[in-house]
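Novice: File follows, target23.tsv with TSV, C-alpha atoms:
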chain	number	residue	atom	x	y	z
A	1	MET	CA	-9.94	-39.93	34.23
A	2	LYS	CA	-10.29	-36.71	36.29
A	3	LYS	CA	-6.57	-35.94	35.81
A	4	LEU	CA	-6.91	-36.45	32.04
A	5	LEU	CA	-9.89	-34.07	31.93
A	6	VAL	CA	-7.97	-31.38	33.83
A	7	LEU	CA	-5.00	-31.69	31.47
A	8	SER	CA	-7.30	-31.38	28.45
A	9	ILE	CA	-8.84	-28.18	29.80
A	10	VAL	CA	-5.41	-26.69	30.49
A	11	ALA	CA	-4.23	-27.60	26.99
A	12	LEU	CA	-7.30	-26.01	25.42
A	13	ALA	CA	-6.81	-22.80	27.39
A	14	ALA	CA	-3.17	-22.65	26.37
A	15	THR	CA	-4.06	-22.53	22.67
A	16	SER	CA	-5.61	-19.09	23.15
A	17	LEU	CA	-2.52	-17.56	24.72
A	18	VAL	CA	-0.04	-15.45	22.80
A	19	VAL	CA	3.32	-17.13	22.53
A	20	GLY	CA	5.73	-15.38	24.87
A	21	GLY	CA	2.92	-13.37	26.50
A	22	CYS	CA	-0.22	-13.71	28.51
A	23	GLN	CA	-2.83	-12.08	26.29
A	24	ALA	CA	-5.75	-14.50	25.73
A	25	GLY	CA	-7.95	-14.63	22.64
A	26	PRO	CA	-9.09	-16.75	19.69
A	27	ALA	CA	-6.61	-17.33	16.87
A	28	THR	CA	-9.14	-16.37	14.16
A	29	PHE	CA	-12.35	-14.41	13.67
A	30	THR	CA	-15.15	-14.87	11.16
A	31	GLU	CA	-15.31	-12.45	8.23
A	32	VAL	CA	-17.44	-12.21	5.09
A	33	LEU	CA	-16.59	-11.38	1.49
A	34	GLU	CA	-19.15	-10.28	-1.07
A	35	LEU	CA	-19.28	-12.20	-4.35
A	36	SER	CA	-18.90	-8.89	-6.20
A	37	ALA	CA	-15.42	-8.34	-4.72
A	38	GLN	CA	-12.78	-8.66	-7.45
A	39	LYS	CA	-9.71	-10.75	-6.65
A	40	VAL	CA	-6.55	-9.12	-8.06
A	41	THR	CA	-2.81	-8.82	-7.52
A	42	LEU	CA	-1.39	-5.78	-5.73
A	43	ALA	CA	-0.27	-4.34	-9.06
A	44	GLU	CA	-3.68	-4.92	-10.64
A	45	ALA	CA	-5.34	-3.36	-7.60
A	46	SER	CA	-3.29	-0.20	-8.02
A	47	GLU	CA	-4.18	-0.02	-11.71
A	48	THR	CA	-7.87	-0.77	-11.12
A	49	ILE	CA	-8.35	1.67	-8.25
A	50	GLY	CA	-6.30	4.44	-9.85
A	51	TRP	CA	-3.94	5.11	-6.93
A	52	ASP	CA	-0.90	3.51	-5.33
A	53	ILE	CA	-1.76	1.05	-2.58
A	54	PRO	CA	0.02	1.66	0.75
A	55	VAL	CA	1.03	-1.75	2.09
A	56	PRO	CA	2.75	-2.57	5.40
A	57	ALA	CA	6.50	-3.09	5.28
A	58	TYR	CA	6.33	-5.09	8.52
A	59	LEU	CA	4.19	-8.14	9.26
A	60	PRO	CA	4.50	-10.73	12.03
A	61	GLU	CA	7.00	-13.47	11.26
A	62	GLY	CA	5.66	-15.99	8.75
A	63	TYR	CA	2.77	-13.75	7.66
A	64	GLU	CA	2.30	-12.28	4.19
A	65	ILE	CA	-0.40	-10.76	1.99
A	66	LYS	CA	-2.20	-13.82	0.65
A	67	GLU	CA	-5.09	-12.26	-1.27
A	68	VAL	CA	-6.08	-8.81	-2.52
A	69	TYR	CA	-9.61	-7.68	-3.37
A	70	VAL	CA	-11.15	-4.54	-4.88
A	71	HIS	CA	-14.72	-3.70	-3.89
A	72	ASP	CA	-16.66	-0.44	-4.09
A	73	GLY	CA	-13.53	1.65	-4.61
A	74	SER	CA	-11.70	0.18	-1.62
A	75	ILE	CA	-8.89	-2.33	-1.19
A	76	ARG	CA	-8.92	-5.35	1.10
A	77	LEU	CA	-5.74	-7.23	1.99
A	78	LEU	CA	-6.06	-10.71	3.50
A	79	ILE	CA	-2.95	-11.51	5.53
A	80	SER	CA	-2.09	-14.90	6.96
A	81	ASP	CA	0.59	-17.52	7.56
A	82	GLU	CA	-1.43	-20.17	5.75
A	83	VAL	CA	-3.87	-20.66	2.88
A	84	ILE	CA	-7.22	-18.98	3.55
A	85	GLY	CA	-10.18	-21.29	2.97
A	86	LYS	CA	-13.63	-19.87	2.17
A	87	GLU	CA	-17.13	-21.26	2.34
A	88	LEU	CA	-20.00	-20.11	0.12
A	89	VAL	CA	-22.95	-19.36	2.39
A	90	THR	CA	-26.56	-18.61	1.44
A	91	HIS	CA	-28.58	-16.13	3.51
A	92	SER	CA	-32.32	-15.58	3.33
A	93	ASP	CA	-34.28	-12.74	4.90
A	94	ALA	CA	-37.21	-10.45	4.15
A	95	ALA	CA	-35.20	-8.79	1.39
A	96	GLY	CA	-34.59	-12.09	-0.39
A	97	THR	CA	-31.81	-14.62	-0.77
A	98	SER	CA	-28.16	-13.74	-1.20
A	99	GLN	CA	-24.81	-15.52	-1.20
A	100	ARG	CA	-21.42	-14.54	0.12
A	101	TYR	CA	-18.18	-16.10	1.27
A	102	GLU	CA	-17.34	-16.64	4.92
A	103	TYR	CA	-13.85	-17.42	6.18
A	104	GLN	CA	-11.66	-17.44	9.27
A	105	SER	CA	-9.35	-14.43	9.30
A	106	LYS	CA	-6.16	-13.79	11.26
A	107	ILE	CA	-5.18	-10.36	9.95
A	108	GLU	CA	-6.63	-8.16	7.24
A	109	MET	CA	-6.49	-4.54	6.19
A	110	GLY	CA	-9.07	-2.34	4.49
A	111	ILE	CA	-7.86	0.78	2.64
A	112	SER	CA	-9.83	3.60	1.04
A	113	TRP	CA	-8.87	7.05	-0.26
A	114	HIS	CA	-10.99	10.16	0.31
A	115	SER	CA	-9.93	13.09	-1.86
A	116	GLN	CA	-11.96	15.56	0.23
A	117	GLY	CA	-11.11	14.01	3.57
A	118	VAL	CA	-13.28	11.97	5.92
A	119	ALA	CA	-16.24	13.95	7.21
A	120	GLY	CA	-16.21	14.23	10.98
A	121	GLY	CA	-12.77	12.71	11.37
A	122	LEU	CA	-12.05	9.70	13.57
A	123	LYS	CA	-14.65	9.53	16.32
A	124	LEU	CA	-14.64	6.00	17.68
A	125	PRO	CA	-14.56	4.59	21.22
A	126	GLY	CA	-11.45	2.71	22.22
A	127	ASP	CA	-7.80	3.09	23.10
A	128	LYS	CA	-6.08	6.03	21.41
A	129	VAL	CA	-2.63	5.28	19.98
A	130	ASN	CA	0.00	7.23	18.06
A	131	ILE	CA	0.84	6.06	14.53
A	132	GLY	CA	3.66	8.18	13.22
A	133	GLU	CA	2.40	11.76	13.04
A	134	THR	CA	-1.26	10.80	13.26
A	135	HIS	CA	-3.54	9.17	15.81
A	136	GLY	CA	-5.49	5.95	15.72
A	137	VAL	CA	-8.04	4.11	17.80
A	138	ILE	CA	-8.01	0.44	18.78
A	139	PHE	CA	-11.31	-1.00	19.89
A	140	ASP	CA	-12.39	-4.43	20.98
A	141	ALA	CA	-14.75	-6.03	18.42
A	142	GLY	CA	-15.36	-9.11	20.55
A	143	ASP	CA	-13.33	-11.87	18.92
A	144	HIS	CA	-10.76	-9.49	17.35
A	145	TYR	CA	-9.32	-5.97	17.46
A	146	ASN	CA	-9.83	-3.18	14.93
A	147	LEU	CA	-7.26	-0.42	14.59
A	148	TRP	CA	-8.53	2.62	12.65
A	149	TRP	CA	-6.44	5.55	11.47
A	150	GLN	CA	-6.80	8.25	8.83
A	151	PRO	CA	-3.38	9.45	7.66
A	152	ARG	CA	-3.15	12.58	5.50
A	153	PRO	CA	-0.10	12.56	3.16
A	154	ASP	CA	-0.10	16.34	2.76
A	155	LEU	CA	-1.26	18.36	5.75
A	156	GLU	CA	-2.06	21.28	3.45
A	157	GLN	CA	-4.45	19.17	1.34
A	158	PRO	CA	-7.77	17.60	2.41
A	159	GLY	CA	-7.15	14.15	0.88
A	160	GLN	CA	-6.59	11.31	3.33
A	161	PHE	CA	-6.60	7.55	3.63
A	162	GLU	CA	-8.92	5.61	5.89
A	163	ILE	CA	-7.27	2.37	6.99
A	164	VAL	CA	-8.67	-0.38	9.19
A	165	LEU	CA	-6.33	-3.11	10.45
A	166	SER	CA	-8.21	-6.07	11.91
A	167	ALA	CA	-6.42	-8.83	13.82
A	168	SER	CA	-7.38	-11.74	16.01
A	169	LYS	CA	-6.64	-11.56	19.70
A	170	LEU	CA	-3.74	-13.88	19.08
A	171	PHE	CA	-1.85	-10.63	18.56
A	172	LYS	CA	-1.07	-7.95	21.12
A	173	LYS	CA	-2.19	-4.38	20.52
A	174	ASP	CA	1.44	-3.25	20.30
A	175	GLU	CA	1.90	-5.60	17.36
A	176	LEU	CA	-1.00	-3.95	15.52
A	177	VAL	CA	0.54	-0.53	16.06
A	178	ARG	CA	3.89	-1.77	14.73
A	179	VAL	CA	2.22	-3.02	11.54
A	180	ALA	CA	0.33	0.27	11.17
A	181	GLU	CA	3.48	2.35	11.63
A	182	SER	CA	5.13	0.47	8.76
A	183	VAL	CA	2.46	1.58	6.26
A	184	PRO	CA	3.95	4.43	4.17
A	185	VAL	CA	2.01	7.70	4.11
A	186	VAL	CA	2.67	9.19	0.68
A	187	SER	CA	0.35	10.80	-1.83
A	188	PRO	CA	-1.28	8.06	-3.93
A	189	PHE	CA	-1.27	10.31	-6.99
A	190	GLU	CA	2.22	11.81	-6.74
A	191	GLU	CA	3.78	11.01	-10.11
A	192	GLU	CA	6.87	12.89	-11.05
A	193	THR	CA	9.11	15.86	-10.33
A	194	VAL	CA	11.90	17.30	-12.44
A	195	ALA	CA	15.02	18.89	-10.99
A	196	GLY	CA	18.28	20.20	-12.41
A	197	ASP	CA	20.72	23.11	-12.49
A	198	ALA	CA	18.14	25.43	-14.01
A	199	ILE	CA	15.01	23.31	-13.56
A	200	ALA	CA	13.30	23.82	-10.23
A	201	GLU	CA	9.61	23.37	-11.02
A	202	ALA	CA	7.83	20.04	-11.21
A	203	GLN	CA	6.80	19.11	-14.75
A	204	THR	CA	3.41	17.44	-14.67
A	205	ASP	CA	2.28	18.31	-18.20
A	206	GLU	CA	3.92	16.01	-20.69
A	207	GLY	CA	3.29	18.59	-23.40
A	208	GLU	CA	5.66	21.08	-21.77
A	209	ILE	CA	9.14	21.51	-23.21
A	210	MET	CA	12.05	21.26	-20.81
A	211	THR	CA	14.83	23.65	-21.84
A	212	VAL	CA	18.45	22.89	-20.95
A	213	SER	CA	21.88	23.96	-22.16
A	214	VAL	CA	24.61	21.89	-23.77
A	215	GLY	CA	26.63	20.25	-21.00
A	216	GLN	CA	23.91	20.76	-18.43
A	217	GLU	CA	22.93	17.90	-16.17
A	218	PHE	CA	19.38	17.32	-15.00
A	219	THR	CA	17.35	14.72	-13.12
A	220	ILE	CA	13.89	13.33	-13.80
A	221	SER	CA	12.27	11.73	-10.76
A	222	LEU	CA	9.27	9.40	-11.03
A	223	ARG	CA	7.22	7.82	-8.26
A	224	VAL	CA	7.58	4.05	-8.02
A	225	THR	CA	6.46	1.29	-5.67
A	226	PRO	CA	9.01	-1.55	-5.82
A	227	ARG	CA	6.98	-3.48	-3.25
A	228	LEU	CA	4.38	-3.92	-6.02
A	229	GLY	CA	7.03	-5.09	-8.47
A	230	GLU	CA	7.03	-1.81	-10.38
A	231	SER	CA	10.01	-0.48	-12.33
A	232	TRP	CA	10.53	2.37	-14.80
A	233	GLU	CA	12.36	1.84	-18.12
A	234	GLU	CA	13.62	4.75	-20.24
A	235	SER	CA	14.70	5.34	-23.81
A	236	HIS	CA	16.43	8.41	-25.29
A	237	ASP	CA	18.48	9.63	-28.26
A	238	GLY	CA	22.09	8.80	-27.41
A	239	ASN	CA	23.35	11.45	-29.83
A	240	LEU	CA	21.76	14.27	-27.83
A	241	LEU	CA	21.62	12.91	-24.28
A	242	THR	CA	23.51	10.49	-22.08
A	243	LEU	CA	22.19	8.78	-18.98
A	244	LEU	CA	24.78	9.30	-16.26
A	245	GLU	CA	23.09	7.16	-13.61
A	246	SER	CA	19.75	5.91	-12.32
A	247	GLN	CA	18.74	4.90	-8.83
A	248	ILE	CA	15.74	4.38	-6.57
A	249	VAL	CA	15.59	6.58	-3.48
A	250	MET	CA	13.22	5.07	-0.93
A	251	ASP	CA	10.94	7.26	1.18
A	252	LYS	CA	12.13	5.27	4.20
A	253	PRO	CA	15.40	3.35	3.62
A	254	SER	CA	14.47	0.85	6.33
A	255	GLU	CA	11.15	0.10	4.60
A	256	PRO	CA	11.66	-0.70	0.88
A	257	VAL	CA	8.08	-0.01	-0.17
A	258	SER	CA	7.92	3.14	-2.29
A	259	GLY	CA	10.11	6.03	-3.38
A	260	ASN	CA	11.45	7.90	-6.40
A	261	ALA	CA	13.16	6.42	-9.44
A	262	GLU	CA	15.75	9.08	-10.34
A	263	PHE	CA	17.32	9.33	-13.80
A	264	HIS	CA	20.30	11.67	-14.13
A	265	PHE	CA	21.01	12.91	-17.68
A	266	LYS	CA	23.51	15.19	-19.41
A	267	ALA	CA	22.82	17.18	-22.57
A	268	LEU	CA	25.48	16.54	-25.25
A	269	GLN	CA	24.61	18.83	-28.16
A	270	LYS	CA	21.95	21.21	-29.45
A	271	GLY	CA	18.67	19.81	-30.69
A	272	LYS	CA	15.16	18.80	-29.74
A	273	THR	CA	14.48	15.34	-28.40
A	274	GLU	CA	12.24	13.23	-26.18
A	275	ILE	CA	12.77	10.89	-23.26
A	276	THR	CA	10.18	8.12	-22.96
A	277	PHE	CA	9.49	6.33	-19.68
A	278	THR	CA	7.34	3.23	-19.28
A	279	ILE	CA	6.34	1.60	-16.02
A	280	GLY	CA	5.58	-2.08	-15.66
A	281	HIS	CA	6.72	-5.18	-13.89
A	282	GLY	CA	10.29	-5.60	-15.09
A	283	PRO	CA	11.58	-4.93	-18.62
A	284	THR	CA	9.48	-7.74	-20.10
A	285	GLY	CA	6.27	-7.20	-18.12
A	286	PRO	CA	3.12	-5.43	-19.40
A	287	VAL	CA	3.34	-1.63	-19.62
A	288	ARG	CA	1.01	0.08	-17.11
A	289	ASP	CA	1.78	3.69	-17.97
A	290	GLN	CA	3.97	5.80	-20.25
A	291	LYS	CA	5.35	9.31	-19.86
A	292	VAL	CA	7.13	11.36	-22.50
A	293	PHE	CA	9.33	14.38	-21.65
A	294	LYS	CA	10.26	16.82	-24.40
A	295	VAL	CA	13.71	18.37	-24.13
A	296	ASP	CA	15.03	21.40	-26.03
A	297	ILE	CA	18.82	21.63	-25.81
A	298	LYS	CA	20.08	25.15	-26.54
Any chance you could put this one into structure tokens?
Specialist:
Amino acid sequence: MKKLLVLSIVALAATSLVVGGCQAGPATFTEVLELSAQKVTLAEASETIGWDIPVPAYLPEGYEIKEVYVHDGSIRLLISDEVIGKELVTHSDAAGTSQRYEYQSKIEMGISWHSQGVAGGLKLPGDKVNIGETHGVIFDAGDHYNLWWQPRPDLEQPGQFEIVLSASKLFKKDELVRVAESVPVVSPFEEETVAGDAIAEAQTDEGEIMTVSVGQEFTISLRVTPRLGESWEESHDGNLLTLLESQIVMDKPSEPVSGNAEFHFKALQKGKTEITFTIGHGPTGPVRDQKVFKVDIK
């Protein structure tokens, strides 16, 4: 009986060890979710919040984004290798009675955008780590780790993300940093740029007229996030323009998350025309946005 008890204790202790390592810790941690949080898809989250959602290109093997929530202008990604069960819990205190969901989390990520930056910057105790060109802090929250970082897409602009990656102690700190480094840092509002032989300025006003010459080639580049299932479709007058080619140029070729959808045209003859672009989820999916470019061929 004593030998059986010893074996049971050893087996229990082994369940808290990281496979292939020696870091101990619980496999999950308790989190709460307010009833007012709206469950959406990644694409719906982007449309609801009004900006492109930066999502990690790398996750531990077997893990994926299981659920997405929008709450108070922020995004919450629940990441796991299994279905996430929730329990409705009632709390009572001096302020009254309230309900919320509680669940066991393995990994999750909170994302918010601050157009004027985060006041005071990142001032948290913990281990400082490098995440790309920015810095982050990992601190021990007891039964899990929190990794905070505040990437700024454009160093000349104040806007920046605030991202919190929470993970159980089943994972090593290096693994958290690897996930964080795979999150693309691009402007959430960057929409389109226009380039060509004689077109160097970005066209952001759809009412502007783009002037080109007969025989001139030009490219229209639109921001797209294939990871969210997005794709741009275009339509044009084939008598005045021809589409030479279209392609998606990823921000990071090794991480197929977001980039530019580039459409390369050639002007065939004089006239005024329009090129219409619609973005949705495939050619048959619902249209999320539409952009119209006016072209004057001289």
Novice: Just the number, please: distance in Å from CA of His114 in chain A to CA of Gln160 in chain A, one decimal.
Specialist: 5.5 Å
Novice: Suppose you want the space between CA of Pro184 in chain A and CA of Thr134 in chain A; what is it in Å?
Specialist: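 CA of Thr134 in chain A lies at a distance of 12.3 Å from CA of Pro184 in chain A.
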Novice: Report, in Å to a single decimal, how far apart CA of Val224 in chain A and CA of Asp154 in chain A are.
Specialist: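 Interatomic distance here is 18.1 Å.
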Novice: Once you count all atoms listed in the file, which residues end up no further than 12 Å from (13.0, 1.1, 2.8) in the file's frame, shown as a ChimeraX atom specification?
Specialist: /A:56-58,182-184,225-227,248-260
Novice: Which residue, A:Asp296, A:Asp52, A:Asp93, A:Glu82, has the smallest gap to Glu67 in chain A when you use only C-alpha atoms?
Specialist: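 Among the listed residues, A:Glu82 lies closest to Glu67 in chain A.
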